[in-house]
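Here the structure is laid out as C-alpha cells; the discussion comes afterwards.
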Amino acid sequence: MAENPPDGTAGAPRPNAPRELVERYRTMARIRAFEEAAEAAHADGLVRGTLHLYIGEEAIASAVCGNLSRTDLITSNHRGHGHTIAKGADPVAMFKELFGRIGGTSDGKGGSMHIADFSVGMLGANGIVCAGIPIAVGAAQGKKMMGEDCVVACFFGDGAINRGPFLEGLNWAKIYDLPVLFVCEDNQYAATTRSGDLTGGDGPAARANSLGVTGYTVDGNDLVAVDALVTQVVADIRAGKGPALLHCKTYRQKGHTLSDKQAYRSQDEVAAYVEQDPIEQCRAYLVENGIAGDDLTAIDAAARTEMAAAVEEAKAAPVPTAADAYSEVQDVGAPQWQS
C-alpha cells in the first residue's frame, strides 16, 4: 500500500470491505463511460477545442473523493472530468458544459478545461499547470478561519511539482497547519515530456517530507491500496494532524490531448500499462472476494447507458444567445460602485 507510511503507523493501511469498494468501482465505471462518450462526442463535432481524458487514472479520483464529504472541497487541473464526477457532479450538466449549452455547470462558459461545480464542492479545473494548489490552500485557510470542518483535496500532475506554486503551496499549508490533501497524479508525462528526466531528487513525496508535510507513495492504479491509504490520511487531516501529500503512480492510456499523436512513447509501453488498467484490477479483486462478476458487468452497462442518455439530453439543450455572453460579467469597477 503506502511505501512510506508516517511515523507511528503499524504497517500498511487495511483495505475496506469488498462491498464498500463496489461503490468505488461504480464511480470508476461512470468516469470511464463519461470519458469514452466525451471522446465520441468530440469526434462528432459536439465539443469545440480539445479534451484531456482521464482514462487509466480513475482509481485515484474515485478513492479520494469517495472519502470526502459533500461539503469538502476539491480543485483540479486540465484533466478534470474524473474528479468532477467523483465529487458528485451531474453528468448531464457536465456534457452541456462541454457542448457550450445553457444549463452547463457554468452555462457553457468554462468548457472542458475549466469545468467547475460549486454545488458539490468542485472549485474548478484549471488550464494553468499548478494553479489549483494555491487555490486549494487559500480555500483551506478560509475554511479554517471560519471554524468549519472541511478537507480540501488538490489534484495535480507530476509536471506541476517543478513549478513554484508547488513549493509555495505546501510551505504555506504546513506553516498554517491547513487541512489540505495534495494529490499528485503521476502519469509519468508532463504533456509530451517524460517528467522523470526533468525532475531532480526523489520526487514529490520526498519534496513534501522536506517541508514537514507527510508524503506517501502508492500505486495509483490499485484502487484497493489508494482507498485504504486515503481513508487513513483523510481521517488524520480531519483530526487536525495537518496537510499531507499522496504520490499516486499511474498512467494515462490516451494522449495528452485528443490530437496528441504520442510519438514520444511506444505502443508497447502503452499496451503494458493498459494491462494494469485500474478498473480491471479492481474487478478482479472484487470477484476474488465474493462479488458476482455479473453484478459488476451490470454496473458497467448502467454507466454506459447513463452517459449515452446524458449526451442526448445535452445535445437537446439550447445554445446561449449573444446576450448571454454578458451575464455574470463584471465590466466596470466593483459591483458596489454601480447604482
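For the C-alpha cells, the naming scheme is as follows: chains receive sequential letters (A, B, ...) according to their order of presentation, residues are indexed from 1 within each chain, and ligands are indexed from 1 in presentation order.
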
- All alpha helix (DSSP H) residues (DSSP, backbone) inside range 21-79 of chain A, as a VMD selection string: chain A and resid 21 to 43 58 to 66

- Query: So which residues touch Gly124 in chain A within 8 Å, counting only C-alpha atoms, skipping near sequence neighbours fewer than 3 positions away, as a ChimeraX atom specification?
  - Reply: /A:74-77,114-118

- Item | Near-Arg24 in chain A list (7 Å; only C-alpha atoms; drop same-chain fewer than 3 positions) as a list in words |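 Listed by chain and then number, they are Leu21, Thr27, Met28, Ser62, Ala63 and Gly66 of chain A.
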
- Task: Would you mind telling me which residue in A:Gly104, A:Pro165, A:Glu328, A:Phe99 lies nearest to Ala41 in chain A when using only C-alpha atoms?
- Result: A:Phe99

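Here the question is which of A:Asp44, A:Arg30, A:Gly138, A:Val183 gets nearest to Ala302 in chain A using only C-alpha atoms, and that residue is A:Arg30.
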
- Query: Which residue, A:Leu181, A:Ala206, A:Ile55, A:Cys154, has the smallest gap to Lys254 in chain A when you use only C-alpha atoms?
  - Reply: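 The closest residue to Lys254 in chain A is A:Ile55.
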
- Query: Which is closer to Cys184 in chain A than all the others in A:Ala86, A:Gly121, A:Lys109, A:Glu57, using only C-alpha atoms?
  - Reply: A:Glu57

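Around Thr192 in chain A, within 8 Å and counting only C-alpha atoms, the residues found are Tyr189, Ala190, Arg194, His256, Gln262 and Tyr264 of chain A, once anything fewer than 2 positions away on its own chain is removed.
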
Using DSSP on the backbone coordinates, identify the residues of range 49-184 of chain A assigned to strand (DSSP E); present them as a PDB file with N, CA and C atoms, in the first residue's frame.
ATOM      1  N   LEU A  73     -14.003  20.195  -0.179  1.00  0.00           N
ATOM      2  CA  LEU A  73     -13.738  20.879  -1.439  1.00  0.00           C
ATOM      3  C   LEU A  73     -12.619  20.196  -2.215  1.00  0.00           C
ATOM      4  N   ILE A  74     -12.634  20.381  -3.541  1.00  0.00           N
ATOM      5  CA  ILE A  74     -11.516  19.919  -4.360  1.00  0.00           C
ATOM      6  C   ILE A  74     -11.168  20.992  -5.390  1.00  0.00           C
ATOM      7  N   THR A  75      -9.909  20.976  -5.816  1.00  0.00           N
ATOM      8  CA  THR A  75      -9.502  21.715  -7.005  1.00  0.00           C
ATOM      9  C   THR A  75      -8.874  20.721  -7.970  1.00  0.00           C
ATOM     10  N   VAL A 152      -9.724  19.976   2.073  1.00  0.00           N
ATOM     11  CA  VAL A 152      -9.608  20.400   0.678  1.00  0.00           C
ATOM     12  C   VAL A 152      -8.593  19.492  -0.007  1.00  0.00           C
ATOM     13  N   ALA A 153      -9.033  18.818  -1.060  1.00  0.00           N
ATOM     14  CA  ALA A 153      -8.141  17.955  -1.841  1.00  0.00           C
ATOM     15  C   ALA A 153      -7.771  18.663  -3.133  1.00  0.00           C
ATOM     16  N   CYS A 154      -6.502  18.611  -3.463  1.00  0.00           N
ATOM     17  CA  CYS A 154      -5.984  19.312  -4.633  1.00  0.00           C
ATOM     18  C   CYS A 154      -5.323  18.314  -5.567  1.00  0.00           C
ATOM     19  N   PHE A 155      -5.864  18.150  -6.775  1.00  0.00           N
ATOM     20  CA  PHE A 155      -5.314  17.219  -7.758  1.00  0.00           C
ATOM     21  C   PHE A 155      -4.401  17.963  -8.732  1.00  0.00           C
ATOM     22  N   PHE A 156      -3.230  17.393  -8.981  1.00  0.00           N
ATOM     23  CA  PHE A 156      -2.303  17.989  -9.941  1.00  0.00           C
ATOM     24  C   PHE A 156      -1.414  16.887 -10.495  1.00  0.00           C
ATOM     25  N   GLY A 157      -0.761  17.173 -11.616  1.00  0.00           N
ATOM     26  CA  GLY A 157       0.076  16.176 -12.256  1.00  0.00           C
ATOM     27  C   GLY A 157       1.530  16.252 -11.834  1.00  0.00           C
ATOM     28  N   VAL A 180      -5.253  20.271   4.074  1.00  0.00           N
ATOM     29  CA  VAL A 180      -5.154  20.073   2.633  1.00  0.00           C
ATOM     30  C   VAL A 180      -4.567  18.695   2.335  1.00  0.00           C
ATOM     31  N   LEU A 181      -5.203  18.003   1.393  1.00  0.00           N
ATOM     32  CA  LEU A 181      -4.653  16.756   0.870  1.00  0.00           C
ATOM     33  C   LEU A 181      -4.154  17.042  -0.540  1.00  0.00           C
ATOM     34  N   PHE A 182      -2.841  17.078  -0.710  1.00  0.00           N
ATOM     35  CA  PHE A 182      -2.234  17.283  -2.018  1.00  0.00           C
ATOM     36  C   PHE A 182      -2.150  15.927  -2.725  1.00  0.00           C
ATOM     37  N   VAL A 183      -2.700  15.841  -3.933  1.00  0.00           N
ATOM     38  CA  VAL A 183      -2.746  14.569  -4.653  1.00  0.00           C
ATOM     39  C   VAL A 183      -2.004  14.729  -5.976  1.00  0.00           C
ATOM     40  N   CYS A 184      -0.798  14.163  -6.045  1.00  0.00           N
ATOM     41  CA  CYS A 184      -0.017  14.197  -7.277  1.00  0.00           C
ATOM     42  C   CYS A 184      -0.341  12.954  -8.092  1.00  0.00           C
TER      43      CYS A 184
END

- Query: Just how far from CA of Arg265 in chain A is CA of Gly201 in chain A, in Å to one decimal?
  - Reply: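 Value for the CA of Gly201 in chain A-CA of Arg265 in chain A distance: 23.3 Å.
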
- Item | Nearest-residue call for Leu46 in chain A, choices A:Gly290, A:Glu275, A:Lys315, A:Ala228, using only C-alpha atoms |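 Closest candidate: A:Lys315.
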
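Rounded to one decimal, CA of Lys87 in chain A and CA of Asp72 in chain A lie 9.2 Å from each other.
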
- Message: Give me, as number ranges by chain, all polymer residues having an atom no more than 9 Å from Phe34 in chain A, counting only C-alpha atoms and skipping those fewer than 3 positions away in the same chain.
- Response: A: 29-31, 37-39, 81-82, 85, 91, 95, 303-304, 306-308

Output file for the residues above (N, CA and C atoms, as a short mmCIF file (atom, residue, chain, number, x, y, z; two decimals), in the first residue's frame):
data_model
loop_
_atom_site.label_atom_id
_atom_site.label_comp_id
_atom_site.auth_asym_id
_atom_site.auth_seq_id
_atom_site.Cartn_x
_atom_site.Cartn_y
_atom_site.Cartn_z
N ALA A 29 -16.35 3.20 -13.13
CA ALA A 29 -17.07 2.83 -14.34
C ALA A 29 -17.77 4.04 -14.94
N ARG A 30 -18.33 4.90 -14.09
CA ARG A 30 -19.02 6.09 -14.58
C ARG A 30 -18.03 7.08 -15.20
N ILE A 31 -16.86 7.24 -14.58
CA ILE A 31 -15.84 8.12 -15.15
C ILE A 31 -15.40 7.60 -16.51
N ALA A 37 -17.66 8.54 -23.84
CA ALA A 37 -18.74 9.25 -24.51
C ALA A 37 -18.28 10.65 -24.93
N ALA A 38 -17.46 11.29 -24.12
CA ALA A 38 -16.94 12.61 -24.46
C ALA A 38 -16.03 12.53 -25.67
N GLU A 39 -15.22 11.48 -25.75
CA GLU A 39 -14.34 11.30 -26.91
C GLU A 39 -15.17 11.12 -28.18
N HIS A 81 -12.38 15.98 -15.67
CA HIS A 81 -13.71 15.36 -15.72
C HIS A 81 -13.88 14.31 -14.63
N GLY A 82 -12.86 13.46 -14.44
CA GLY A 82 -12.97 12.38 -13.47
C GLY A 82 -13.14 12.89 -12.06
N ILE A 85 -16.82 14.23 -11.66
CA ILE A 85 -17.81 13.16 -11.50
C ILE A 85 -17.68 12.51 -10.13
N PRO A 91 -23.62 14.43 -14.63
CA PRO A 91 -23.05 14.27 -15.97
C PRO A 91 -23.80 15.02 -17.06
N PHE A 95 -21.92 17.47 -19.60
CA PHE A 95 -21.93 17.40 -21.05
C PHE A 95 -22.45 18.70 -21.67
N ALA A 303 -23.53 2.38 -16.42
CA ALA A 303 -22.74 3.59 -16.60
C ALA A 303 -22.77 4.05 -18.05
N ARG A 304 -22.63 3.09 -18.97
CA ARG A 304 -22.66 3.46 -20.39
C ARG A 304 -24.04 3.99 -20.79
N GLU A 306 -26.21 5.45 -18.81
CA GLU A 306 -26.37 6.76 -18.19
C GLU A 306 -25.70 7.85 -19.02
N MET A 307 -24.47 7.59 -19.46
CA MET A 307 -23.74 8.62 -20.19
C MET A 307 -24.28 8.83 -21.60
N ALA A 308 -24.76 7.77 -22.23
CA ALA A 308 -25.38 7.93 -23.55
C ALA A 308 -26.62 8.81 -23.45
#

- Non-local contacts of Ala160 in chain A (6 Å; only C-alpha atoms; under 3 positions in same chain excluded) as a PyMOL selection string: chain A and resi 129-130+157+163

Writer output for current selection, C-alpha atoms, as a PDB file, in the first residue's frame:
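The resulting file, selection_30.pdb, is shown below:
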ATOM      1  CA  VAL A 129      -0.307  23.944 -14.570  1.00  0.00           C
ATOM      2  CA  CYS A 130      -0.117  24.004 -10.749  1.00  0.00           C
ATOM      3  CA  GLY A 157       0.076  16.176 -12.256  1.00  0.00           C
ATOM      4  CA  ARG A 163       6.677  24.826 -10.687  1.00  0.00           C
TER       5      ARG A 163
END

- Message: Let me make sure I understand: among A:Phe166, A:Tyr25, A:Tyr326, A:Tyr176, which one has the smallest atom-to-atom distance to Asp222 in chain A if we use only C-alpha atoms?
- Response: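 Distance minimum relative to Asp222 in chain A lands on A:Tyr25.
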
- Message: Taking 6 positions as the minimum chain separation for residues in the same chain, which residues sit within 10 Å of range 12-18 of chain A when counting only C-alpha atoms? Answer as a list of chain:residue names.
- Response: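 My list of contacting residues is A:Met1, A:Ala2, A:Glu3, A:Asn4, A:Pro5, A:Arg24, A:Leu223, A:Val224, A:Ala225, A:Val226, A:Asp227, A:Ala228, A:Leu229, A:Val230, A:Thr231, A:Gln232, A:Val233, A:Cys282, A:Tyr285, A:Leu286, A:Val287, A:Glu288, A:Asn289, A:Gly290, A:Ile291.
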
Can you spit out the residues from that selection as a PDB file, in the first residue's frame, using C-alpha atoms?
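In the end it all went to selection37.pdb:
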ATOM      1  CA  MET A   1       0.000   0.000   0.000  1.00  0.00           C
ATOM      2  CA  ALA A   2       1.791   3.172   1.128  1.00  0.00           C
ATOM      3  CA  GLU A   3       5.508   2.796   0.516  1.00  0.00           C
ATOM      4  CA  ASN A   4       6.470   5.296   3.187  1.00  0.00           C
ATOM      5  CA  PRO A   5       3.852   5.375   5.966  1.00  0.00           C
ATOM      6  CA  ARG A  24     -15.672   2.984  -5.752  1.00  0.00           C
ATOM      7  CA  LEU A 223      -7.995   1.126  -6.141  1.00  0.00           C
ATOM      8  CA  VAL A 224      -7.844  -1.046  -3.037  1.00  0.00           C
ATOM      9  CA  ALA A 225      -4.485   0.383  -1.976  1.00  0.00           C
ATOM     10  CA  VAL A 226      -5.351   4.006  -2.737  1.00  0.00           C
ATOM     11  CA  ASP A 227      -8.694   3.781  -0.957  1.00  0.00           C
ATOM     12  CA  ALA A 228      -7.204   2.228   2.173  1.00  0.00           C
ATOM     13  CA  LEU A 229      -4.497   4.880   2.320  1.00  0.00           C
ATOM     14  CA  VAL A 230      -6.854   7.792   1.680  1.00  0.00           C
ATOM     15  CA  THR A 231      -9.273   6.550   4.345  1.00  0.00           C
ATOM     16  CA  GLN A 232      -6.458   6.810   6.888  1.00  0.00           C
ATOM     17  CA  VAL A 233      -4.941  10.051   5.641  1.00  0.00           C
ATOM     18  CA  CYS A 282     -10.427  -3.725  -9.110  1.00  0.00           C
ATOM     19  CA  TYR A 285     -10.076  -8.179  -6.705  1.00  0.00           C
ATOM     20  CA  LEU A 286     -13.815  -7.879  -6.107  1.00  0.00           C
ATOM     21  CA  VAL A 287     -14.610 -11.153  -7.895  1.00  0.00           C
ATOM     22  CA  GLU A 288     -11.905 -12.923  -5.894  1.00  0.00           C
ATOM     23  CA  ASN A 289     -13.518 -11.578  -2.733  1.00  0.00           C
ATOM     24  CA  GLY A 290     -17.082 -12.662  -3.318  1.00  0.00           C
ATOM     25  CA  ILE A 291     -18.646 -10.001  -5.557  1.00  0.00           C
TER      26      ILE A 291
END

- Query: If you measure from CA of Gly212 in chain A to CA of Leu123 in chain A, what distance in Å do you get, rounded to one decimal?
  - Reply: 26.3 Å
